[in-house]
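The file work31.cif contains mmCIF, N, CA and C atoms:
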```cif
data_protein
#
loop_
_atom_site.label_atom_id
_atom_site.label_comp_id
_atom_site.auth_asym_id
_atom_site.auth_seq_id
_atom_site.Cartn_x
_atom_site.Cartn_y
_atom_site.Cartn_z
N MET A 3 56.82 -52.44 40.02
CA MET A 3 57.26 -51.86 41.29
C MET A 3 56.92 -52.84 42.40
N PRO A 4 57.82 -53.03 43.34
CA PRO A 4 57.56 -53.98 44.42
C PRO A 4 56.43 -53.50 45.33
N LEU A 5 55.47 -54.38 45.58
CA LEU A 5 54.34 -54.05 46.46
C LEU A 5 54.54 -54.58 47.87
N SER A 6 55.20 -55.72 47.98
CA SER A 6 55.39 -56.35 49.29
C SER A 6 56.72 -57.09 49.27
N LEU A 7 57.43 -57.06 50.39
CA LEU A 7 58.75 -57.69 50.48
C LEU A 7 58.78 -58.66 51.64
N GLY A 8 59.60 -59.68 51.49
CA GLY A 8 59.78 -60.64 52.57
C GLY A 8 61.10 -61.34 52.43
N VAL A 9 61.62 -61.82 53.54
CA VAL A 9 62.87 -62.57 53.56
C VAL A 9 62.59 -63.91 54.22
N SER A 10 63.05 -64.98 53.59
CA SER A 10 62.88 -66.30 54.18
C SER A 10 64.18 -67.07 54.04
N GLY A 11 64.24 -68.20 54.69
CA GLY A 11 65.41 -69.04 54.61
C GLY A 11 65.55 -69.65 53.23
N ALA A 12 66.75 -70.06 52.90
CA ALA A 12 67.00 -70.64 51.58
C ALA A 12 66.36 -72.01 51.43
N ASN A 13 66.07 -72.68 52.52
CA ASN A 13 65.52 -74.03 52.44
C ASN A 13 64.01 -74.07 52.62
N THR A 14 63.32 -72.94 52.57
CA THR A 14 61.86 -72.93 52.66
C THR A 14 61.25 -72.83 51.26
N HIS A 15 60.13 -73.48 51.09
CA HIS A 15 59.47 -73.49 49.78
C HIS A 15 58.80 -72.14 49.53
N ASP A 16 58.76 -71.72 48.27
CA ASP A 16 58.17 -70.43 47.92
C ASP A 16 56.70 -70.34 48.28
N SER A 17 55.99 -71.47 48.21
CA SER A 17 54.55 -71.44 48.48
C SER A 17 54.24 -71.04 49.91
N LEU A 18 55.18 -71.23 50.83
CA LEU A 18 54.95 -70.85 52.23
C LEU A 18 54.97 -69.34 52.42
N GLY A 19 55.57 -68.62 51.49
CA GLY A 19 55.64 -67.17 51.61
C GLY A 19 54.54 -66.42 50.89
N LEU A 20 53.67 -67.13 50.17
CA LEU A 20 52.63 -66.45 49.40
C LEU A 20 51.63 -65.72 50.29
N GLU A 21 51.10 -66.38 51.30
CA GLU A 21 50.09 -65.75 52.15
C GLU A 21 50.61 -64.51 52.87
N PRO A 22 51.79 -64.57 53.53
CA PRO A 22 52.27 -63.34 54.19
C PRO A 22 52.54 -62.20 53.22
N LEU A 23 53.00 -62.51 52.01
CA LEU A 23 53.27 -61.44 51.05
C LEU A 23 51.98 -60.81 50.54
N VAL A 24 50.97 -61.62 50.28
CA VAL A 24 49.69 -61.06 49.82
C VAL A 24 49.04 -60.24 50.94
N ARG A 25 49.15 -60.73 52.19
CA ARG A 25 48.61 -59.96 53.32
C ARG A 25 49.38 -58.66 53.52
N GLY A 26 50.65 -58.63 53.13
CA GLY A 26 51.48 -57.45 53.34
C GLY A 26 51.29 -56.34 52.32
N ILE A 27 50.47 -56.56 51.31
CA ILE A 27 50.23 -55.51 50.31
C ILE A 27 49.38 -54.42 50.95
N PRO A 28 49.86 -53.19 50.97
CA PRO A 28 49.10 -52.12 51.62
C PRO A 28 47.89 -51.69 50.78
N PRO A 29 46.91 -51.03 51.40
CA PRO A 29 45.77 -50.51 50.63
C PRO A 29 46.25 -49.50 49.59
N ILE A 30 45.68 -49.58 48.41
CA ILE A 30 46.09 -48.72 47.30
C ILE A 30 44.99 -47.70 47.04
N ARG A 31 45.37 -46.45 47.01
CA ARG A 31 44.40 -45.39 46.75
C ARG A 31 44.02 -45.40 45.28
N SER A 32 42.74 -45.29 45.02
CA SER A 32 42.26 -45.20 43.63
C SER A 32 41.68 -43.81 43.41
N ARG A 33 41.50 -43.47 42.17
CA ARG A 33 41.00 -42.12 41.85
C ARG A 33 39.57 -41.92 42.32
N ARG A 34 38.79 -42.98 42.21
CA ARG A 34 37.40 -42.92 42.65
C ARG A 34 37.12 -44.10 43.56
N GLY A 35 36.27 -43.88 44.49
CA GLY A 35 35.84 -44.97 45.36
C GLY A 35 36.80 -45.24 46.50
N PRO A 36 36.52 -46.29 47.24
CA PRO A 36 37.35 -46.61 48.41
C PRO A 36 38.70 -47.21 47.98
N ARG A 37 39.60 -47.30 48.93
CA ARG A 37 40.91 -47.88 48.66
C ARG A 37 40.77 -49.37 48.36
N ARG A 38 41.62 -49.85 47.47
CA ARG A 38 41.64 -51.28 47.17
C ARG A 38 42.45 -51.98 48.25
N ARG A 39 41.87 -52.94 48.89
CA ARG A 39 42.54 -53.64 49.98
C ARG A 39 43.17 -54.96 49.56
N ARG A 40 42.96 -55.37 48.33
CA ARG A 40 43.51 -56.63 47.86
C ARG A 40 43.77 -56.52 46.36
N PRO A 41 44.70 -57.32 45.86
CA PRO A 41 44.93 -57.31 44.41
C PRO A 41 43.75 -57.97 43.69
N ALA A 42 43.57 -57.60 42.45
CA ALA A 42 42.47 -58.18 41.68
C ALA A 42 42.82 -59.57 41.17
N LYS A 43 44.08 -59.78 40.78
CA LYS A 43 44.48 -61.05 40.18
C LYS A 43 45.90 -61.37 40.56
N LEU A 44 46.20 -62.66 40.65
CA LEU A 44 47.53 -63.12 41.01
C LEU A 44 48.00 -64.14 39.98
N HIS A 45 49.18 -63.93 39.42
CA HIS A 45 49.79 -64.87 38.48
C HIS A 45 50.92 -65.58 39.21
N ALA A 46 50.98 -66.90 39.06
CA ALA A 46 52.03 -67.67 39.74
C ALA A 46 52.40 -68.88 38.89
N ASP A 47 53.60 -69.39 39.14
CA ASP A 47 54.06 -70.55 38.40
C ASP A 47 53.67 -71.84 39.11
N LYS A 48 54.20 -72.98 38.64
CA LYS A 48 53.80 -74.28 39.16
C LYS A 48 54.23 -74.52 40.61
N GLY A 49 55.15 -73.74 41.11
CA GLY A 49 55.58 -73.90 42.49
C GLY A 49 54.50 -73.53 43.49
N TYR A 50 53.46 -72.84 43.05
CA TYR A 50 52.36 -72.41 43.92
C TYR A 50 51.09 -73.20 43.66
N ASP A 51 51.20 -74.33 42.95
CA ASP A 51 50.04 -75.13 42.59
C ASP A 51 49.65 -76.05 43.74
N TYR A 52 48.93 -75.50 44.70
CA TYR A 52 48.42 -76.26 45.84
C TYR A 52 46.98 -75.86 46.06
N ASP A 53 46.16 -76.86 46.41
CA ASP A 53 44.73 -76.62 46.62
C ASP A 53 44.47 -75.63 47.76
N HIS A 54 45.25 -75.71 48.84
CA HIS A 54 45.00 -74.82 49.96
C HIS A 54 45.31 -73.36 49.60
N LEU A 55 46.27 -73.13 48.70
CA LEU A 55 46.54 -71.75 48.26
C LEU A 55 45.44 -71.24 47.35
N ARG A 56 44.97 -72.11 46.45
CA ARG A 56 43.86 -71.71 45.57
C ARG A 56 42.61 -71.39 46.40
N LYS A 57 42.33 -72.22 47.40
CA LYS A 57 41.17 -71.98 48.26
C LYS A 57 41.33 -70.68 49.04
N TRP A 58 42.54 -70.44 49.57
CA TRP A 58 42.81 -69.22 50.34
C TRP A 58 42.61 -67.98 49.46
N LEU A 59 43.06 -68.02 48.22
CA LEU A 59 42.87 -66.89 47.31
C LEU A 59 41.39 -66.70 46.97
N ARG A 60 40.67 -67.81 46.75
CA ARG A 60 39.25 -67.71 46.45
C ARG A 60 38.47 -67.11 47.61
N GLU A 61 38.82 -67.47 48.83
CA GLU A 61 38.14 -66.91 50.00
C GLU A 61 38.32 -65.41 50.10
N ARG A 62 39.43 -64.91 49.62
CA ARG A 62 39.71 -63.47 49.65
C ARG A 62 39.30 -62.77 48.37
N ARG A 63 38.60 -63.49 47.49
CA ARG A 63 38.10 -62.97 46.21
C ARG A 63 39.23 -62.40 45.35
N ILE A 64 40.34 -63.13 45.32
CA ILE A 64 41.46 -62.78 44.45
C ILE A 64 41.48 -63.82 43.34
N ARG A 65 41.29 -63.36 42.12
CA ARG A 65 41.36 -64.30 40.99
C ARG A 65 42.79 -64.74 40.84
N HIS A 66 42.99 -66.01 40.52
CA HIS A 66 44.34 -66.52 40.40
C HIS A 66 44.53 -67.19 39.05
N ARG A 67 45.75 -67.12 38.58
CA ARG A 67 46.15 -67.80 37.35
C ARG A 67 47.43 -68.56 37.71
N ILE A 68 47.28 -69.79 38.16
CA ILE A 68 48.39 -70.62 38.60
C ILE A 68 48.48 -71.81 37.65
N ALA A 69 49.65 -72.00 37.04
CA ALA A 69 49.85 -73.13 36.15
C ALA A 69 49.76 -74.43 36.94
N ARG A 70 49.07 -75.43 36.39
CA ARG A 70 48.90 -76.70 37.08
C ARG A 70 50.00 -77.67 36.70
N LYS A 71 50.50 -78.39 37.68
CA LYS A 71 51.60 -79.34 37.46
C LYS A 71 51.13 -80.47 36.56
N GLY A 72 51.93 -80.78 35.57
CA GLY A 72 51.63 -81.90 34.68
C GLY A 72 50.53 -81.65 33.67
N ILE A 73 49.89 -80.50 33.72
CA ILE A 73 48.77 -80.23 32.81
C ILE A 73 49.10 -79.07 31.88
N GLU A 74 49.52 -77.95 32.46
CA GLU A 74 49.75 -76.75 31.66
C GLU A 74 51.23 -76.42 31.59
N SER A 75 51.56 -75.69 30.57
CA SER A 75 52.92 -75.17 30.45
C SER A 75 52.97 -73.81 31.13
N SER A 76 54.07 -73.52 31.80
CA SER A 76 54.18 -72.23 32.48
C SER A 76 54.69 -71.14 31.54
N THR A 77 54.85 -71.46 30.25
CA THR A 77 55.36 -70.45 29.32
C THR A 77 54.35 -69.32 29.10
N ARG A 78 53.07 -69.62 29.19
CA ARG A 78 52.06 -68.56 29.01
C ARG A 78 52.10 -67.55 30.13
N LEU A 79 52.57 -67.97 31.30
CA LEU A 79 52.67 -67.04 32.42
C LEU A 79 53.87 -66.12 32.28
N GLY A 80 54.75 -66.40 31.35
CA GLY A 80 55.96 -65.61 31.18
C GLY A 80 55.69 -64.14 30.91
N ARG A 81 54.57 -63.85 30.27
CA ARG A 81 54.22 -62.45 29.99
C ARG A 81 54.08 -61.63 31.25
N HIS A 82 53.60 -62.26 32.31
CA HIS A 82 53.36 -61.55 33.56
C HIS A 82 54.50 -61.73 34.55
N ARG A 83 55.18 -62.87 34.47
CA ARG A 83 56.26 -63.14 35.43
C ARG A 83 57.51 -62.33 35.15
N TRP A 84 57.67 -61.83 33.93
CA TRP A 84 58.90 -61.09 33.63
C TRP A 84 59.05 -59.87 34.51
N ALA A 85 57.94 -59.28 34.94
CA ALA A 85 58.02 -58.11 35.82
C ALA A 85 58.62 -58.48 37.17
N VAL A 86 58.27 -59.65 37.69
CA VAL A 86 58.84 -60.11 38.96
C VAL A 86 60.31 -60.42 38.79
N GLU A 87 60.66 -61.13 37.72
CA GLU A 87 62.06 -61.47 37.48
C GLU A 87 62.91 -60.22 37.27
N ARG A 88 62.35 -59.23 36.59
CA ARG A 88 63.08 -57.98 36.36
C ARG A 88 63.34 -57.26 37.69
N THR A 89 62.35 -57.22 38.56
CA THR A 89 62.52 -56.57 39.86
C THR A 89 63.55 -57.30 40.71
N VAL A 90 63.55 -58.61 40.66
CA VAL A 90 64.55 -59.38 41.41
C VAL A 90 65.94 -59.09 40.88
N SER A 91 66.08 -58.96 39.56
CA SER A 91 67.40 -58.63 39.01
C SER A 91 67.82 -57.21 39.39
N TRP A 92 66.87 -56.27 39.49
CA TRP A 92 67.21 -54.92 39.95
C TRP A 92 67.70 -54.97 41.40
N LEU A 93 67.04 -55.77 42.22
CA LEU A 93 67.47 -55.91 43.61
C LEU A 93 68.85 -56.56 43.70
N ALA A 94 69.12 -57.51 42.82
CA ALA A 94 70.42 -58.17 42.83
C ALA A 94 71.52 -57.23 42.37
N GLY A 95 71.16 -56.14 41.68
CA GLY A 95 72.15 -55.17 41.26
C GLY A 95 72.71 -54.35 42.40
N CYS A 96 72.05 -54.34 43.53
CA CYS A 96 72.56 -53.62 44.69
C CYS A 96 73.66 -54.46 45.34
N ARG A 97 74.83 -53.88 45.50
CA ARG A 97 75.98 -54.64 45.97
C ARG A 97 75.74 -55.29 47.33
N ARG A 98 75.09 -54.58 48.21
CA ARG A 98 74.89 -55.10 49.55
C ARG A 98 73.91 -56.27 49.56
N LEU A 99 73.03 -56.34 48.56
CA LEU A 99 72.06 -57.42 48.50
C LEU A 99 72.54 -58.59 47.64
N HIS A 100 73.48 -58.30 46.74
CA HIS A 100 73.95 -59.36 45.84
C HIS A 100 74.59 -60.48 46.63
N ARG A 101 75.44 -60.12 47.56
CA ARG A 101 76.00 -61.08 48.51
C ARG A 101 75.43 -60.71 49.86
N ARG A 102 74.99 -61.65 50.57
CA ARG A 102 74.33 -61.34 51.85
C ARG A 102 75.39 -61.04 52.91
N TYR A 103 75.72 -59.76 53.05
CA TYR A 103 76.69 -59.33 54.04
C TYR A 103 76.10 -59.31 55.44
N GLU A 104 74.82 -59.06 55.53
CA GLU A 104 74.15 -58.95 56.83
C GLU A 104 73.77 -60.32 57.34
N ARG A 105 74.06 -60.59 58.59
CA ARG A 105 73.71 -61.88 59.17
C ARG A 105 72.30 -61.87 59.76
N MET A 106 71.86 -60.73 60.26
CA MET A 106 70.53 -60.65 60.86
C MET A 106 69.48 -60.39 59.79
N ALA A 107 68.39 -61.15 59.85
CA ALA A 107 67.33 -61.03 58.84
C ALA A 107 66.68 -59.65 58.86
N GLU A 108 66.57 -59.04 60.04
CA GLU A 108 65.94 -57.71 60.14
C GLU A 108 66.77 -56.66 59.39
N HIS A 109 68.08 -56.74 59.52
CA HIS A 109 68.93 -55.79 58.82
C HIS A 109 68.87 -56.00 57.31
N PHE A 110 68.89 -57.27 56.89
CA PHE A 110 68.82 -57.56 55.47
C PHE A 110 67.49 -57.08 54.88
N LEU A 111 66.40 -57.30 55.62
CA LEU A 111 65.09 -56.85 55.16
C LEU A 111 65.04 -55.33 55.07
N ALA A 112 65.71 -54.64 55.98
CA ALA A 112 65.77 -53.18 55.91
C ALA A 112 66.49 -52.72 54.66
N PHE A 113 67.60 -53.38 54.32
CA PHE A 113 68.32 -53.01 53.10
C PHE A 113 67.51 -53.35 51.84
N VAL A 114 66.76 -54.44 51.88
CA VAL A 114 65.88 -54.76 50.75
C VAL A 114 64.81 -53.68 50.60
N GLY A 115 64.28 -53.19 51.71
CA GLY A 115 63.29 -52.11 51.67
C GLY A 115 63.87 -50.83 51.11
N ILE A 116 65.10 -50.50 51.48
CA ILE A 116 65.76 -49.30 50.93
C ILE A 116 65.98 -49.46 49.43
N ALA A 117 66.42 -50.64 49.01
CA ALA A 117 66.63 -50.90 47.58
C ALA A 117 65.31 -50.80 46.81
N ALA A 118 64.23 -51.32 47.40
CA ALA A 118 62.91 -51.23 46.74
C ALA A 118 62.46 -49.78 46.64
N ALA A 119 62.76 -48.98 47.66
CA ALA A 119 62.42 -47.56 47.61
C ALA A 119 63.19 -46.87 46.49
N PHE A 120 64.46 -47.22 46.31
CA PHE A 120 65.23 -46.65 45.20
C PHE A 120 64.66 -47.07 43.86
N ILE A 121 64.21 -48.32 43.75
CA ILE A 121 63.60 -48.79 42.50
C ILE A 121 62.35 -47.99 42.21
N CYS A 122 61.51 -47.78 43.22
CA CYS A 122 60.28 -47.00 43.03
C CYS A 122 60.61 -45.55 42.67
N TYR A 123 61.61 -44.98 43.32
CA TYR A 123 62.01 -43.60 43.04
C TYR A 123 62.48 -43.47 41.59
N ARG A 124 63.33 -44.38 41.15
CA ARG A 124 63.80 -44.35 39.76
C ARG A 124 62.65 -44.50 38.78
N ARG A 125 61.72 -45.37 39.12
CA ARG A 125 60.58 -45.61 38.23
C ARG A 125 59.68 -44.36 38.13
N LEU A 126 59.50 -43.67 39.25
CA LEU A 126 58.64 -42.49 39.26
C LEU A 126 59.28 -41.27 38.60
N THR A 127 60.61 -41.19 38.66
CA THR A 127 61.28 -40.03 38.05
C THR A 127 61.42 -40.17 36.55
N ASN A 128 61.32 -41.37 36.02
CA ASN A 128 61.42 -41.55 34.56
C ASN A 128 60.10 -41.37 33.86
#
```
Using structure tokens, write down the structure from this file.
Amino acid sequence: MPLSLGVSGANTHDSLGLEPLVRGIPPIRSRRGPRRRRPAKLHADKGYDYDHLRKWLRERRIRHRIARKGIESSTRLGRHRWAVERTVSWLAGCRRLHRRYERMAEHFLAFVGIAAAFICYRRLTN
């Protein structure tokens, strides 16, 4: 289920969107104890292999599993990344999002939010 959404330009690198998306995750209510304000672990591919991102995650006490360029294969991350790819394909199934009909980023982000709400609704009803 999508936790945080963002829209960026096609020519911006994915690593620039990591910090705003992680900050955008709302507090999650747990059965016992206080609300969780941050994710416990983050899985990412080689596109996020930067020292400043690793340091930023460590400062926030978020464990990370980021494949290193030239050292590790990103195939082991496939077990966890399939959930992200599946959600992106669900979003692409919405006609209005498949082709970007909206010119304003705010309107497009609103439609992405509506599509994510439908995904969550379908997931909760099944």
Quiz item: Neighbours of Gly95 (chain A) within 12 Å (only C-alpha atoms; same-chain residues fewer than 5 positions away dropped), as a ChimeraX atom specification?
Solution: /A:88-90,100-101,114,117-118,120-121
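The result of the PyMOL selection byres ((chain A and resi 52) around 8) on the shown file is Ser17, Lys48, Gly49, Tyr50, Asp51, Asp53, His54, Leu55, Arg56, Lys57, Trp58, Ile68, Ala69, Arg70 and Lys71 of chain A.
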Self-check item: Shell around Ile64 (chain A) at 6 Å using all atoms listed in the file, local window under 3 positions removed, as number ranges by chain
Solution: A: 41-44, 59-61
Practice problem: Report as an NGL selection string the residues that result from applying the PyMOL selection byres (((chain A and resi 25-38 and name CA) around 10) and name CA) to the structure here. | Solution: :A and (4-8 or 20-24 or 39-42)
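Our summary of the geometry notes that atom N of Arg67 (chain A) is positioned 20.8 Å from atom C of Thr14 (chain A).
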Quiz item: as number ranges by chain, which residues of chain A does DSSP assign to helix (DSSP H, G or I)?
Solution: A: 16-25, 48-50, 53-61, 76-94, 97-100, 107-127
Practice problem: Give me, please, the distance in Å between atom N of Arg65 (chain A) and atom C of Gly19 (chain A), quoted to one decimal. | Solution: 16.2 Å
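Atom pair atom N of Ile116 (chain A) / atom N of Asn13 (chain A) has a distance of 22.2 Å (rounded to one decimal).
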Build an axis-aligned box that encloses every atom of region 25-37 of chain A listed in the file, pad it by 4 Å on each side, and report its centre and edge lengths in Å to one decimal, as lines of an AutoDock Vina configuration file.
```
center_x = 43.7
center_y = -51.3
center_z = 47.7
size_x = 23.6
size_y = 26.8
size_z = 19.7
```
